[in-house]
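A.B. asks: Structure supplied as structure_16.txt; contents: compact mmCIF, C-alpha atoms and all ligand atoms.
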# COMPACT_ATOMS: atom_id res chain seq x y z
CA MET W 14 84.05 124.31 116.19
CA LYS W 15 81.01 125.60 118.09
CA VAL W 16 79.04 128.32 116.34
CA ALA W 17 76.32 130.77 117.35
CA LEU W 18 73.99 131.93 114.61
CA LEU W 19 72.50 135.44 114.71
CA GLY W 20 69.39 135.29 112.50
CA PHE W 21 67.34 132.32 111.39
CA GLY W 22 65.60 133.57 108.26
CA THR W 23 66.35 132.80 104.62
CA VAL W 24 70.14 132.69 105.02
CA GLY W 25 70.32 131.42 108.61
CA LYS W 26 68.08 128.45 107.86
CA GLY W 27 70.15 127.66 104.76
CA ALA W 28 73.43 127.72 106.72
CA ALA W 29 71.98 125.72 109.63
CA GLY W 30 70.49 123.12 107.29
CA ILE W 31 73.83 122.62 105.52
CA ILE W 32 75.63 122.11 108.83
CA ASP W 33 72.92 119.98 110.47
CA GLN W 34 72.63 117.63 107.49
CA GLY W 35 76.23 117.47 106.27
CA ARG W 36 77.50 114.93 108.79
CA ASP W 37 79.75 113.05 106.33
CA LYS W 38 81.42 116.20 105.03
CA ASP W 39 83.89 118.71 106.47
CA THR W 40 80.84 120.40 108.01
CA ALA W 41 80.87 117.62 110.63
CA GLY W 42 83.49 119.76 112.38
CA LEU W 43 80.92 122.54 112.91
CA GLU W 44 78.16 122.58 115.48
CA ILE W 45 75.49 125.27 115.87
CA VAL W 46 74.82 125.52 119.59
CA ARG W 47 72.72 128.69 119.83
CA ILE W 48 70.49 130.64 117.40
CA LEU W 49 69.21 134.17 117.95
CA LYS W 50 65.95 135.39 116.47
CA ARG W 51 63.08 137.71 117.44
CA THR W 52 60.11 135.37 117.47
CA PRO W 53 59.88 131.91 119.06
CA ALA W 54 60.33 128.80 116.92
CA ASP W 55 60.47 125.08 117.44
CA ASP W 56 64.20 124.43 117.90
CA PRO W 57 65.78 124.02 121.36
CA ARG W 58 68.82 126.03 120.25
CA ILE W 59 66.76 129.16 119.66
CA THR W 60 66.89 132.11 122.03
CA LEU W 61 65.30 135.53 121.79
CA ASP W 62 67.84 136.99 124.22
CA TYR W 63 71.25 138.14 122.98
CA GLN W 64 72.72 137.61 126.45
CA ASP W 65 72.34 133.86 125.89
CA ILE W 66 74.63 134.24 122.88
CA GLU W 67 77.18 136.15 124.96
CA ALA W 68 77.01 133.51 127.68
CA CYS W 69 77.37 130.46 125.43
CA ASP W 70 80.66 128.75 124.78
CA VAL W 71 81.40 129.44 121.09
CA GLU W 72 84.48 130.48 119.16
CA LEU W 73 82.59 131.74 116.12
CA VAL W 74 79.55 133.96 115.60
CA ALA W 75 77.80 133.89 112.22
CA GLU W 76 75.64 136.96 111.63
CA CYS W 77 72.77 136.86 109.12
CA MET W 78 70.22 139.13 110.78
CA GLY W 79 70.48 142.00 108.32
CA GLY W 80 70.14 145.75 108.96
CA LEU W 81 72.57 148.12 110.66
CA GLU W 82 71.51 147.76 114.30
CA PRO W 83 71.63 145.71 116.41
CA ALA W 84 73.71 143.62 113.96
CA HIS W 85 76.65 146.04 114.16
CA THR W 86 76.66 146.10 117.97
CA TYR W 87 76.39 142.32 118.21
CA VAL W 88 79.26 141.80 115.74
CA ARG W 89 81.38 144.31 117.69
CA LYS W 90 80.65 142.50 120.94
CA ALA W 91 81.54 139.13 119.42
CA LEU W 92 84.90 140.47 118.15
CA GLU W 93 85.59 142.19 121.48
CA ALA W 94 85.01 138.85 123.18
CA GLY W 95 87.68 137.30 120.93
CA ARG W 96 85.26 135.38 118.72
CA HIS W 97 85.68 134.96 114.98
CA VAL W 98 82.88 136.48 112.92
CA VAL W 99 81.36 135.48 109.60
CA THR W 100 78.69 137.76 108.15
CA ALA W 101 76.30 137.90 105.19
CA ASN W 102 75.24 141.45 106.07
CA LYS W 103 76.66 143.64 103.29
CA LYS W 104 74.93 146.81 104.42
CA MET W 105 76.25 146.67 107.98
CA LEU W 106 79.76 145.59 106.97
CA ALA W 107 80.10 148.12 104.13
CA GLU W 108 79.15 150.92 106.54
CA HIS W 109 81.46 149.76 109.37
CA TYR W 110 84.23 147.87 107.60
CA MET W 111 87.31 149.69 108.90
CA GLU W 112 86.17 149.80 112.51
CA LEU W 113 85.31 146.10 112.61
CA ALA W 114 88.37 144.97 110.65
CA GLU W 115 90.67 146.89 112.99
CA LEU W 116 88.96 145.38 116.01
CA ALA W 117 89.30 141.86 114.53
CA LYS W 118 93.00 142.50 113.94
CA GLU W 119 93.51 143.81 117.47
CA LYS W 120 91.78 140.73 118.93
CA ASN W 121 93.61 138.40 116.54
CA VAL W 122 90.40 136.87 115.20
CA ARG W 123 88.98 136.51 111.70
CA LEU W 124 86.23 138.55 110.06
CA LEU W 125 85.10 136.87 106.83
CA PHE W 126 82.30 137.94 104.49
CA GLU W 127 82.12 135.68 101.43
CA ALA W 128 78.29 135.72 101.46
CA THR W 129 78.04 139.52 101.23
CA ALA W 130 78.68 139.77 97.47
CA GLY W 131 77.86 137.27 94.76
CA GLY W 132 75.88 134.98 97.10
CA GLY W 133 77.10 131.43 96.49
CA ILE W 134 79.86 132.46 94.07
CA PRO W 135 83.26 132.14 95.78
CA TRP W 136 84.09 135.69 94.69
CA MET W 137 86.08 136.77 97.75
CA ALA W 138 87.98 133.46 97.69
CA ALA W 139 88.74 133.95 93.99
CA LEU W 140 90.08 137.44 94.62
CA ARG W 141 92.26 136.19 97.49
CA ARG W 142 93.62 133.44 95.27
CA VAL W 143 94.30 135.78 92.34
CA ARG W 144 96.08 138.19 94.67
CA ARG W 145 98.57 135.56 95.83
CA ILE W 146 100.23 136.18 92.45
CA ASP W 147 98.70 139.26 90.84
CA ASP W 148 97.44 142.74 91.51
CA VAL W 149 93.76 143.09 90.62
CA GLU W 150 93.51 145.86 88.04
CA SER W 151 89.73 146.01 87.78
CA PHE W 152 86.50 144.14 88.44
CA ARG W 153 82.99 144.33 87.10
CA GLY W 154 79.96 142.32 87.91
CA ILE W 155 76.26 141.62 87.95
CA LEU W 156 75.77 141.45 91.70
CA ASN W 157 72.01 141.65 92.10
CA GLY W 158 69.84 138.70 91.10
CA THR W 159 66.54 140.58 91.35
CA THR W 160 67.48 143.26 88.83
CA ASN W 161 69.15 140.71 86.57
CA TYR W 162 65.95 138.68 86.59
CA ILE W 163 63.94 141.78 85.65
CA LEU W 164 66.35 142.96 82.93
CA SER W 165 66.74 139.46 81.46
CA ALA W 166 62.97 138.98 81.27
CA MET W 167 62.46 142.45 79.75
CA THR W 168 65.08 141.57 77.13
CA ASP W 169 63.86 138.03 76.41
CA GLU W 170 60.10 138.49 76.71
CA GLY W 171 59.70 142.17 75.83
CA LEU W 172 57.75 142.86 79.03
CA ASP W 173 57.58 146.20 80.79
CA PHE W 174 59.53 147.07 83.95
CA GLY W 175 56.42 147.37 86.16
CA GLU W 176 55.09 143.97 85.07
CA MET W 177 58.46 142.32 85.64
CA LEU W 178 58.92 143.89 89.07
CA LYS W 179 55.50 142.56 90.10
CA LYS W 180 56.39 139.09 88.80
CA ALA W 181 59.74 139.18 90.64
CA GLN W 182 57.90 140.09 93.86
CA GLU W 183 55.41 137.24 93.37
CA LEU W 184 58.29 134.79 92.89
CA GLY W 185 59.99 136.09 96.06
CA TYR W 186 62.99 137.52 94.15
CA ALA W 187 62.13 141.12 94.99
CA GLU W 188 61.25 142.61 98.38
CA ALA W 189 57.92 144.36 99.00
CA ASP W 190 60.04 147.56 99.12
CA PRO W 191 62.41 146.98 96.19
CA THR W 192 64.33 150.28 96.59
CA ASP W 193 67.69 148.78 97.60
CA ASP W 194 67.66 146.42 94.62
CA ILE W 195 66.32 148.57 91.79
CA ASP W 196 68.02 151.84 92.78
CA GLY W 197 71.43 150.17 92.96
CA TYR W 198 72.05 150.52 96.73
CA ASP W 199 72.38 146.77 97.31
CA VAL W 200 75.00 146.61 94.56
CA ARG W 201 76.73 149.65 96.04
CA TYR W 202 77.37 147.79 99.33
CA LYS W 203 78.67 144.80 97.38
CA THR W 204 80.91 147.09 95.34
CA VAL W 205 82.39 148.54 98.54
CA LEU W 206 83.20 145.07 99.91
CA SER W 207 84.55 143.90 96.54
CA ALA W 208 86.91 146.90 96.64
CA VAL W 209 88.14 145.75 100.07
CA ALA W 210 88.86 142.28 98.71
CA ALA W 211 90.26 143.42 95.35
CA PHE W 212 92.18 146.58 96.23
CA ASP W 213 92.51 146.70 100.05
CA ALA W 214 90.49 149.91 99.85
CA ALA W 215 87.64 150.74 102.23
CA VAL W 216 85.45 153.58 100.99
CA ARG W 217 82.28 155.08 102.43
CA PRO W 218 79.28 153.58 100.58
CA ALA W 219 77.61 156.99 100.07
CA THR W 220 80.62 158.13 97.98
CA VAL W 221 80.07 155.41 95.35
CA PRO W 222 77.74 156.76 92.63
CA ALA W 223 74.82 154.37 92.21
CA LEU W 224 72.26 154.65 89.42
CA GLY W 225 69.65 151.91 89.15
CA ILE W 226 67.05 150.61 86.75
CA ARG W 227 63.83 152.04 88.25
CA HIS W 228 63.07 154.11 85.13
CA ILE W 229 64.18 151.74 82.37
CA SER W 230 61.54 151.27 79.67
CA ALA W 231 60.87 148.76 76.92
CA ALA W 232 62.05 151.46 74.47
CA ASP W 233 65.51 151.49 76.12
CA ILE W 234 65.80 147.70 75.84
CA ALA W 235 64.67 147.94 72.20
CA TRP W 236 67.36 150.54 71.41
CA GLY W 237 69.92 148.12 72.85
CA LYS W 238 68.66 145.29 70.66
CA GLU W 239 68.80 147.45 67.53
CA ASN W 240 72.44 148.14 68.38
CA ASN W 241 73.35 144.53 69.33
CA ARG W 242 73.55 145.42 73.00
CA ILE W 243 72.06 144.02 76.19
CA VAL W 244 71.59 146.12 79.31
CA LYS W 245 72.82 144.90 82.72
CA LEU W 246 73.21 146.61 86.10
CA ILE W 247 76.97 146.61 86.59
CA ALA W 248 79.25 147.18 89.58
CA ALA W 249 82.55 148.55 88.29
CA GLY W 250 85.86 149.04 90.07
CA GLU W 251 89.32 149.94 88.81
CA LYS W 252 92.64 150.99 90.27
CA LYS W 253 94.65 152.94 87.72
CA ASP W 254 97.24 155.72 87.85
CA GLY W 255 96.79 155.96 91.62
CA ARG W 256 93.03 156.54 91.27
CA LEU W 257 90.34 154.23 92.64
CA SER W 258 87.19 154.37 90.55
CA LEU W 259 84.00 152.73 91.76
CA TYR W 260 80.47 153.15 90.44
CA VAL W 261 77.22 151.27 89.91
CA MET W 262 75.27 151.90 86.70
CA PRO W 263 73.26 150.11 84.04
CA GLN W 264 75.48 149.36 81.03
CA PHE W 265 74.57 148.52 77.45
CA LEU W 266 77.05 145.70 76.89
CA HIS W 267 77.91 144.21 73.46
CA ASP W 268 75.77 141.12 73.09
CA SER W 269 78.94 139.06 72.53
CA ASP W 270 80.20 140.03 76.02
CA VAL W 271 80.09 137.04 78.39
CA MET W 272 78.52 139.27 81.04
CA ALA W 273 75.64 140.14 78.68
CA ARG W 274 74.79 136.45 78.48
CA ILE W 275 74.30 135.93 82.22
CA GLY W 276 70.54 135.55 82.42
CA LYS W 277 67.69 134.86 84.84
CA ASN W 278 68.54 135.67 88.46
CA PHE W 279 72.19 134.62 88.13
CA ASN W 280 75.14 136.76 89.20
CA GLY W 281 78.46 137.04 87.40
CA VAL W 282 81.70 138.73 88.37
CA GLU W 283 84.95 139.29 86.57
CA ALA W 284 88.37 140.28 87.87
CA VAL W 285 91.15 141.45 85.57
CA SER W 286 94.62 140.86 86.96
CA THR W 287 98.21 141.10 85.85
CA THR W 288 99.06 137.58 84.68
CA LEU W 289 95.66 135.85 84.72
CA GLY W 290 93.91 138.51 82.65
CA PRO W 291 90.10 138.38 82.89
CA SER W 292 88.57 135.56 84.93
CA THR W 293 84.79 135.30 85.23
CA TYR W 294 82.70 133.55 87.88
CA ILE W 295 79.00 132.78 87.48
CA GLY W 296 76.49 131.36 89.95
CA GLN W 297 73.52 131.90 92.23
CA GLY W 298 73.90 135.34 93.77
CA ALA W 299 71.30 134.89 96.51
CA GLY W 300 68.90 132.42 98.07
CA SER W 301 68.84 130.30 101.19
CA LEU W 302 71.21 127.48 100.27
CA PRO W 303 73.69 129.29 97.97
CA THR W 304 74.16 132.09 100.50
CA GLY W 305 74.16 129.60 103.38
CA HIS W 306 76.85 127.67 101.47
CA ALA W 307 79.04 130.78 101.26
CA MET W 308 78.66 131.41 105.01
CA VAL W 309 79.50 127.81 105.87
CA GLN W 310 82.57 127.93 103.59
CA ASP W 311 83.84 130.89 105.67
CA MET W 312 83.12 128.98 108.89
CA LEU W 313 85.10 126.01 107.58
CA THR W 314 88.02 128.24 106.56
CA ILE W 315 88.19 129.41 110.17
CA ALA W 316 87.48 126.02 111.81
CA LYS W 317 90.14 124.29 109.71
CA GLY W 318 92.62 127.03 110.54
CA GLU W 319 93.29 127.68 106.84
CA GLU W 320 95.82 130.39 106.20
CA VAL W 321 93.95 133.33 104.73
CA THR W 322 95.85 136.49 103.96
CA ALA W 323 94.07 139.08 106.06
CA TYR W 324 92.79 142.05 104.13
CA GLU W 325 95.00 144.99 104.95
CA ALA W 326 92.45 147.54 103.84
CA SER W 327 92.87 151.20 104.62
CA ALA W 328 90.38 154.01 104.31
CA ALA W 329 90.28 155.24 100.71
CA GLU W 330 88.51 157.86 98.60
CA VAL W 331 86.56 157.19 95.43
CA ASP W 332 88.00 159.11 92.46
CA ASN W 333 86.00 158.68 89.25
CA SER W 334 87.74 161.59 87.48
CA GLY W 335 89.46 159.17 85.07
CA VAL W 336 86.23 157.43 83.97
CA GLU W 337 85.26 158.51 80.45
CA LYS W 338 82.46 156.86 78.50
CA CYS W 339 79.61 157.45 76.08
CA PHE W 340 76.27 157.43 77.88
CA TYR W 341 72.69 156.67 76.87
CA ILE W 342 70.21 159.13 78.40
CA ARG W 343 66.43 159.30 78.29
CA THR W 344 65.01 162.41 79.89
CA ALA W 345 62.22 164.94 79.66
CA ARG W 346 64.92 167.65 80.04
CA PRO W 347 67.20 167.04 77.03
CA GLU W 348 68.14 170.75 76.85
CA VAL W 349 70.39 170.32 79.91
CA PHE W 350 72.49 167.83 77.93
CA ALA W 351 72.58 169.84 74.64
CA ALA W 352 76.36 170.41 74.76
CA VAL W 353 77.17 166.71 75.14
CA ARG W 354 74.47 165.17 72.91
CA ALA W 355 75.99 163.20 70.02
CA GLU W 356 73.22 161.16 68.36
CA ASN W 357 69.51 160.44 68.74
CA ALA W 358 68.41 157.14 70.24
CA GLY W 359 64.63 157.28 69.76
CA ALA W 360 61.97 159.39 71.42
CA ASP W 361 63.39 161.45 74.32
CA ALA W 362 66.65 159.46 74.22
CA PHE W 363 70.14 160.17 72.95
CA VAL W 364 73.73 159.04 73.24
CA THR W 365 76.35 161.49 74.49
CA LYS W 366 79.78 162.09 73.09
CA ARG W 367 82.61 160.60 75.13
CA MET W 368 82.65 162.44 78.45
CA GLY W 369 83.59 162.15 82.10
CA LEU W 370 81.31 160.25 84.52
CA ASN W 371 81.60 163.09 87.03
CA ASP W 372 80.46 165.62 84.38
CA LEU W 373 77.52 163.39 83.53
CA LEU W 374 76.51 163.09 87.19
CA ALA W 375 76.63 166.90 87.52
CA LEU W 376 74.30 167.26 84.49
CA ILE W 377 71.93 164.62 85.87
CA GLU W 378 71.73 166.53 89.13
CA LYS W 379 71.11 169.78 87.25
CA ALA W 380 68.35 168.18 85.14
CA ALA W 381 66.53 167.07 88.32
CA ASP W 382 64.33 164.79 86.21
CA PRO W 383 62.93 162.13 88.56
CA GLU W 384 62.21 159.78 85.65
CA LEU W 385 65.61 160.04 83.93
CA PHE W 386 67.28 156.81 82.83
CA ALA W 387 71.04 156.78 82.26
CA ALA W 388 73.34 153.95 81.23
CA VAL W 389 76.90 153.48 80.04
CA VAL W 390 77.30 152.52 76.39
CA ALA W 391 80.16 150.07 76.87
CA ASP W 392 83.31 150.57 74.76
N1 LIG Q 1 68.29 136.40 101.34
C1 LIG Q 1 69.36 136.29 100.56
O1 LIG Q 1 69.33 135.62 99.52
C2 LIG Q 1 70.65 136.97 100.93
C3 LIG Q 1 71.79 136.83 100.10
C4 LIG Q 1 73.00 137.42 100.50
C5 LIG Q 1 73.06 138.15 101.66
N2 LIG Q 1 71.92 138.30 102.44
C6 LIG Q 1 72.03 139.07 103.66
O2 LIG Q 1 71.85 138.19 104.76
C7 LIG Q 1 71.23 138.87 105.84
C8 LIG Q 1 69.97 138.11 106.25
O3 LIG Q 1 69.08 138.04 105.15
P1 LIG Q 1 67.80 137.09 105.17
O4 LIG Q 1 67.23 137.16 103.80
O5 LIG Q 1 68.15 135.76 105.74
O6 LIG Q 1 66.85 137.88 106.19
P2 LIG Q 1 65.52 137.36 106.90
O7 LIG Q 1 64.95 136.20 106.16
O8 LIG Q 1 64.67 138.55 107.11
O9 LIG Q 1 66.01 136.81 108.32
C9 LIG Q 1 66.51 137.66 109.32
C10 LIG Q 1 66.63 136.86 110.61
O10 LIG Q 1 67.26 137.68 111.58
C11 LIG Q 1 66.42 137.75 112.74
N3 LIG Q 1 66.51 139.11 113.29
C12 LIG Q 1 66.36 140.28 112.64
N4 LIG Q 1 66.50 141.31 113.49
C13 LIG Q 1 66.72 140.77 114.70
C14 LIG Q 1 66.93 141.31 116.00
N5 LIG Q 1 66.92 142.62 116.21
N6 LIG Q 1 67.15 140.45 117.01
C15 LIG Q 1 67.14 139.12 116.81
N7 LIG Q 1 66.95 138.54 115.62
C16 LIG Q 1 66.74 139.36 114.57
C17 LIG Q 1 65.01 137.45 112.26
O11 LIG Q 1 64.26 136.96 113.35
P3 LIG Q 1 62.74 136.44 113.19
O12 LIG Q 1 62.84 135.16 112.39
O13 LIG Q 1 62.29 136.20 114.56
O14 LIG Q 1 62.03 137.53 112.46
C18 LIG Q 1 65.28 136.40 111.19
O15 LIG Q 1 65.39 135.13 111.75
C19 LIG Q 1 70.96 140.30 105.33
O16 LIG Q 1 72.00 141.12 105.73
C20 LIG Q 1 70.98 140.14 103.83
O17 LIG Q 1 71.38 141.32 103.16
C21 LIG Q 1 70.73 137.73 102.11
Will you turn the file into structure tokens for me?
Ligand SMILES: NC(=O)c1ccc[n+]([C@@H]2O[C@H](COP(=O)([O-])OP(=O)(O)OC[C@H]3O[C@@H](n4cnc5c(N)ncnc54)[C@H](OP(=O)(O)O)[C@@H]3O)[C@@H](O)[C@H]2O)c1
C.D. replies:
Amino acid sequence: MKVALLGFGTVGKGAAGIIDQGRDKDTAGLEIVRILKRTPADDPRITLDYQDIEACDVELVAECMGGLEPAHTYVRKALEAGRHVVTANKKMLAEHYMELAELAKEKNVRLLFEATAGGGIPWMAALRRVRRIDDVESFRGILNGTTNYILSAMTDEGLDFGEMLKKAQELGYAEADPTDDIDGYDVRYKTVLSAVAAFDAAVRPATVPALGIRHISAADIAWGKENNRIVKLIAAGEKKDGRLSLYVMPQFLHDSDVMARIGKNFNGVEAVSTTLGPSTYIGQGAGSLPTGHAMVQDMLTIAKGEEVTAYEASAAEVDNSGVEKCFYIRTARPEVFAAVRAENAGADAFVTKRMGLNDLLALIEKAADPELFAAVVAD
């Protein structure tokens, strides 16, 4: 099958390399004929003009440009032209999922997005497989390698957040502007797309509460250790009693929890389903070749004409009213939380009594403390 690649950066080069070099594998059935980027490079397939992509003879467009526009417009145009689309762009797809999925259905083409969450982990494929037999009841996961690298190093080496962020940037794990990673927005997009694959539910990303790790301190990690807990940034989703809960928050997990043990820059995701129970998947959540691998797997699924149950997602609303937990809070405005405070957790920090997530979020907003750190204390 002939493929056009939109984007030739970290992911695009990984995907192209896998296809170009894998001549004795199934990838031999794929051929990249055109590549779109912004700046010239030494490959005869490269064009800087999107019209060359429209004009070329391909059945599949693989988008790994990133950003909302023009990625969204280009993906729309590809679907309108009756081309299958594979994308790694979680931000664009999470924002436009319903519109693009409906267009793909109307044009009778595929829209696959394995690379958008969990990088190289076949997370979407695992959910599809589980759902051939079961309903997915819930999922949770570590879906950001940068923050897992920072949290793991803070836990293992006792270093401070600022030092670890700098080290992650030097190693190329964290962007120069790390906002999307450390404030939980990257995980929020992945949570939205995981909800599509797990529950057939498409929600607006802005409606998923996302709290990150920007203000975590060595003292918070130390409190976890004293209590046999390890903190991870967790994407959580559950469908229960007709309610769809989705949120992104740091969680102090029991140190015996398999998820607590996923270190370095690895990702891990777990689905809980009716007959399988919990199943956990661990692997490289980002990077050129792992993410390229996930994109190429989607291309092969399409090229080989494999039967894939199409997601039948409909627009859905997030309802976290059933989520009740104990929370760890460190804030300079403890008086706002006086009614829910249960026990001290060191200087400026405390653990709340069991309470609703929505009530906690309302108190956090009221406190308006820009340095507040909040985390779930897992049951
Ligand atoms: N990096 C990862 O590990 C990873 C993992 C999972 C998902 N993703 C997702 O994959 C996507 C790509 O990420 P990346 O890390 O590969 O990004 P990247 O290294 O910045 O590469 C982006 C590529 O897209 C091209 N591009 C960007 N805007 C363009 C435009 N307007 N017109 C034409 N070409 C354009 C760039 O062209 P130039 O080369 O000319 O600048 C570059 O080749 C993002 O959505 C990201 O969230 C990345």
A.B. asks: Just checking: using only C-alpha atoms, which residue out of W:Asp55, W:Asp148, W:Pro303, W:Ala387 ends up closest to Asp213 in chain W?
C.D. replies: W:Asp148
A.B. asks: As number ranges by chain, please: the residues near His306 in chain W (cut-off 10 Å, only C-alpha atoms, same-chain neighbours under 6 positions excluded).
C.D. replies: W: 24, 27-32, 127-128, 132-135, 300, 312
A.B. asks: Go through range 322-369 of chain W and flag each residue having an atom no more than 12 Å from range 265-268 of chain W; for those, report the closest pair of atoms plus their distance in Å to one decimal, using all atoms listed in the file, ordered by chain and rising number, as CSV.
C.D. replies:
residue,atom,partner,partner_atom,distance
W:Lys338,CA,W:Phe265,CA,11.5
W:Cys339,CA,W:Phe265,CA,10.3
W:Phe340,CA,W:Phe265,CA,9.1
W:Tyr341,CA,W:Phe265,CA,8.4
W:Ile342,CA,W:Phe265,CA,11.5
W:Val364,CA,W:Phe265,CA,11.4
A.B. asks: Taking all atoms of range 177-191 of chain W that the file lists and extending 4 Å past them on each side, where is the centre of the axis-aligned box and how long are its edges? Answer in Å to one decimal, as JSON.
C.D. replies:
{"center_x": 59.2, "center_y": 141.2, "center_z": 92.4, "size_x": 15.6, "size_y": 20.8, "size_z": 21.5}
A.B. asks: Any idea what the distance is between CA of Glu330 in chain W and CA of Arg201 in chain W?
C.D. replies: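 That distance, rounded to one decimal, is 14.6 Å.
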A.B. asks: How many Å separate CA of Ala307 in chain W from CA of Gly197 in chain W?
C.D. replies: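 Computing it gives 22.4 Å between the two atoms.
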A.B. asks: Please identify all protein, DNA and RNA residues within 7 Å of ligand LIG 1 (chain Q), counting all atoms listed in the file, and report them as an mmCIF file with C-alpha atoms, keeping the file's coordinate frame.
C.D. replies:
data_model
loop_
_atom_site.group_PDB
_atom_site.id
_atom_site.type_symbol
_atom_site.label_atom_id
_atom_site.label_comp_id
_atom_site.auth_asym_id
_atom_site.auth_seq_id
_atom_site.Cartn_x
_atom_site.Cartn_y
_atom_site.Cartn_z
ATOM 1 C CA LEU W 19 72.500 135.440 114.710
ATOM 2 C CA GLY W 20 69.390 135.290 112.500
ATOM 3 C CA PHE W 21 67.340 132.320 111.390
ATOM 4 C CA GLY W 22 65.600 133.570 108.260
ATOM 5 C CA THR W 23 66.350 132.800 104.620
ATOM 6 C CA VAL W 24 70.140 132.690 105.020
ATOM 7 C CA GLY W 25 70.320 131.420 108.610
ATOM 8 C CA LEU W 49 69.210 134.170 117.950
ATOM 9 C CA LYS W 50 65.950 135.390 116.470
ATOM 10 C CA ARG W 51 63.080 137.710 117.440
ATOM 11 C CA THR W 52 60.110 135.370 117.470
ATOM 12 C CA PRO W 53 59.880 131.910 119.060
ATOM 13 C CA LEU W 61 65.300 135.530 121.790
ATOM 14 C CA CYS W 77 72.770 136.860 109.120
ATOM 15 C CA MET W 78 70.220 139.130 110.780
ATOM 16 C CA GLY W 79 70.480 142.000 108.320
ATOM 17 C CA GLY W 80 70.140 145.750 108.960
ATOM 18 C CA PRO W 83 71.630 145.710 116.410
ATOM 19 C CA ALA W 101 76.300 137.900 105.190
ATOM 20 C CA ASN W 102 75.240 141.450 106.070
ATOM 21 C CA LYS W 103 76.660 143.640 103.290
ATOM 22 C CA LYS W 104 74.930 146.810 104.420
ATOM 23 C CA ALA W 128 78.290 135.720 101.460
ATOM 24 C CA THR W 129 78.040 139.520 101.230
ATOM 25 C CA ALA W 130 78.680 139.770 97.470
ATOM 26 C CA GLY W 132 75.880 134.980 97.100
ATOM 27 C CA GLY W 298 73.900 135.340 93.770
ATOM 28 C CA ALA W 299 71.300 134.890 96.510
ATOM 29 C CA GLY W 300 68.900 132.420 98.070
ATOM 30 C CA SER W 301 68.840 130.300 101.190
ATOM 31 C CA THR W 304 74.160 132.090 100.500
#
A.B. asks: Which of these, W:His109, W:Arg141, W:Leu178, W:Leu370, has the shortest distance to Val221 in chain W once you count all atoms listed in the file?
C.D. replies: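 Distance minimum relative to Val221 in chain W lands on W:Leu370.
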A.B. asks: So how far away is CA of Ala326 in chain W from CA of Ala214 in chain W, in Å?
C.D. replies: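 We find that CA of Ala214 in chain W and CA of Ala326 in chain W lie 5.0 Å from each other.
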A.B. asks: Can you tell me, as a list in words, what residues are no more than 10 Å from Phe212 in chain W when counting all atoms listed in the file, ignoring any on the same chain fewer than 5 positions away?
C.D. replies: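 My list of contacting residues is Leu140, Arg144, Asp148, Val149, Glu150, Ser151, Phe152, Leu206, Ser207, Gly250, Glu251, Lys252, Leu257, Tyr324, Glu325, Ala326, Ser327 and Ala329 of chain W.
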A.B. asks: Considering all atoms listed in the file, return as a list in words whatever protein or nucleic-acid residues lie within 12 Å of Lys379 in chain W, sequence-local ones (same chain, fewer than 6 positions apart) excluded.
C.D. replies: Arg346, Pro347, Glu348, Val349, Phe350, Asp372, Leu373 and Leu385 of chain W
A.B. asks: Between W:Ile59, W:Leu164, W:Val244, W:Lys26, which is the closest to Leu302 in chain W once you count only C-alpha atoms?
C.D. replies: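 Nearest to Leu302 in chain W: W:Lys26.
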A.B. asks: Between W:Trp236, W:Phe386, W:Trp136, W:Phe363, which one has atoms that come closest to Gln310 in chain W, using only C-alpha atoms?
C.D. replies: W:Trp136
A.B. asks: My list of candidates is W:Glu44, W:Asp311, W:Glu378, W:Asn161. Which is closest to Leu125 in chain W when distances are computed with only C-alpha atoms?
C.D. replies: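 Of all the options, W:Asp311 lies closest to Leu125 in chain W.
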A.B. asks: N, CA and C atoms are needed for range 313-320 of chain W; please write them out as a PDB file, in the frame of the given file.
C.D. replies:
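Saved the output as result_0.pdb:
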ATOM      1  N   LEU W 313      84.137 127.110 107.714  1.00  0.00           N
ATOM      2  CA  LEU W 313      85.100 126.010 107.580  1.00  0.00           C
ATOM      3  C   LEU W 313      86.532 126.542 107.449  1.00  0.00           C
ATOM      4  N   THR W 314      86.688 127.632 106.703  1.00  0.00           N
ATOM      5  CA  THR W 314      88.020 128.240 106.560  1.00  0.00           C
ATOM      6  C   THR W 314      88.597 128.539 107.941  1.00  0.00           C
ATOM      7  N   ILE W 315      87.743 129.061 108.814  1.00  0.00           N
ATOM      8  CA  ILE W 315      88.190 129.410 110.170  1.00  0.00           C
ATOM      9  C   ILE W 315      88.387 128.145 111.003  1.00  0.00           C
ATOM     10  N   ALA W 316      87.407 127.225 110.966  1.00  0.00           N
ATOM     11  CA  ALA W 316      87.480 126.020 111.810  1.00  0.00           C
ATOM     12  C   ALA W 316      88.688 125.162 111.443  1.00  0.00           C
ATOM     13  N   LYS W 317      89.018 125.129 110.152  1.00  0.00           N
ATOM     14  CA  LYS W 317      90.140 124.290 109.710  1.00  0.00           C
ATOM     15  C   LYS W 317      91.469 125.021 109.855  1.00  0.00           C
ATOM     16  N   GLY W 318      91.398 126.259 110.317  1.00  0.00           N
ATOM     17  CA  GLY W 318      92.620 127.030 110.540  1.00  0.00           C
ATOM     18  C   GLY W 318      93.381 127.323 109.252  1.00  0.00           C
ATOM     19  N   GLU W 319      92.625 127.429 108.126  1.00  0.00           N
ATOM     20  CA  GLU W 319      93.290 127.680 106.840  1.00  0.00           C
ATOM     21  C   GLU W 319      93.929 129.055 106.849  1.00  0.00           C
ATOM     22  N   GLU W 320      95.114 129.111 106.291  1.00  0.00           N
ATOM     23  CA  GLU W 320      95.820 130.390 106.200  1.00  0.00           C
ATOM     24  C   GLU W 320      95.088 131.274 105.203  1.00  0.00           C
TER      25      GLU W 320
END
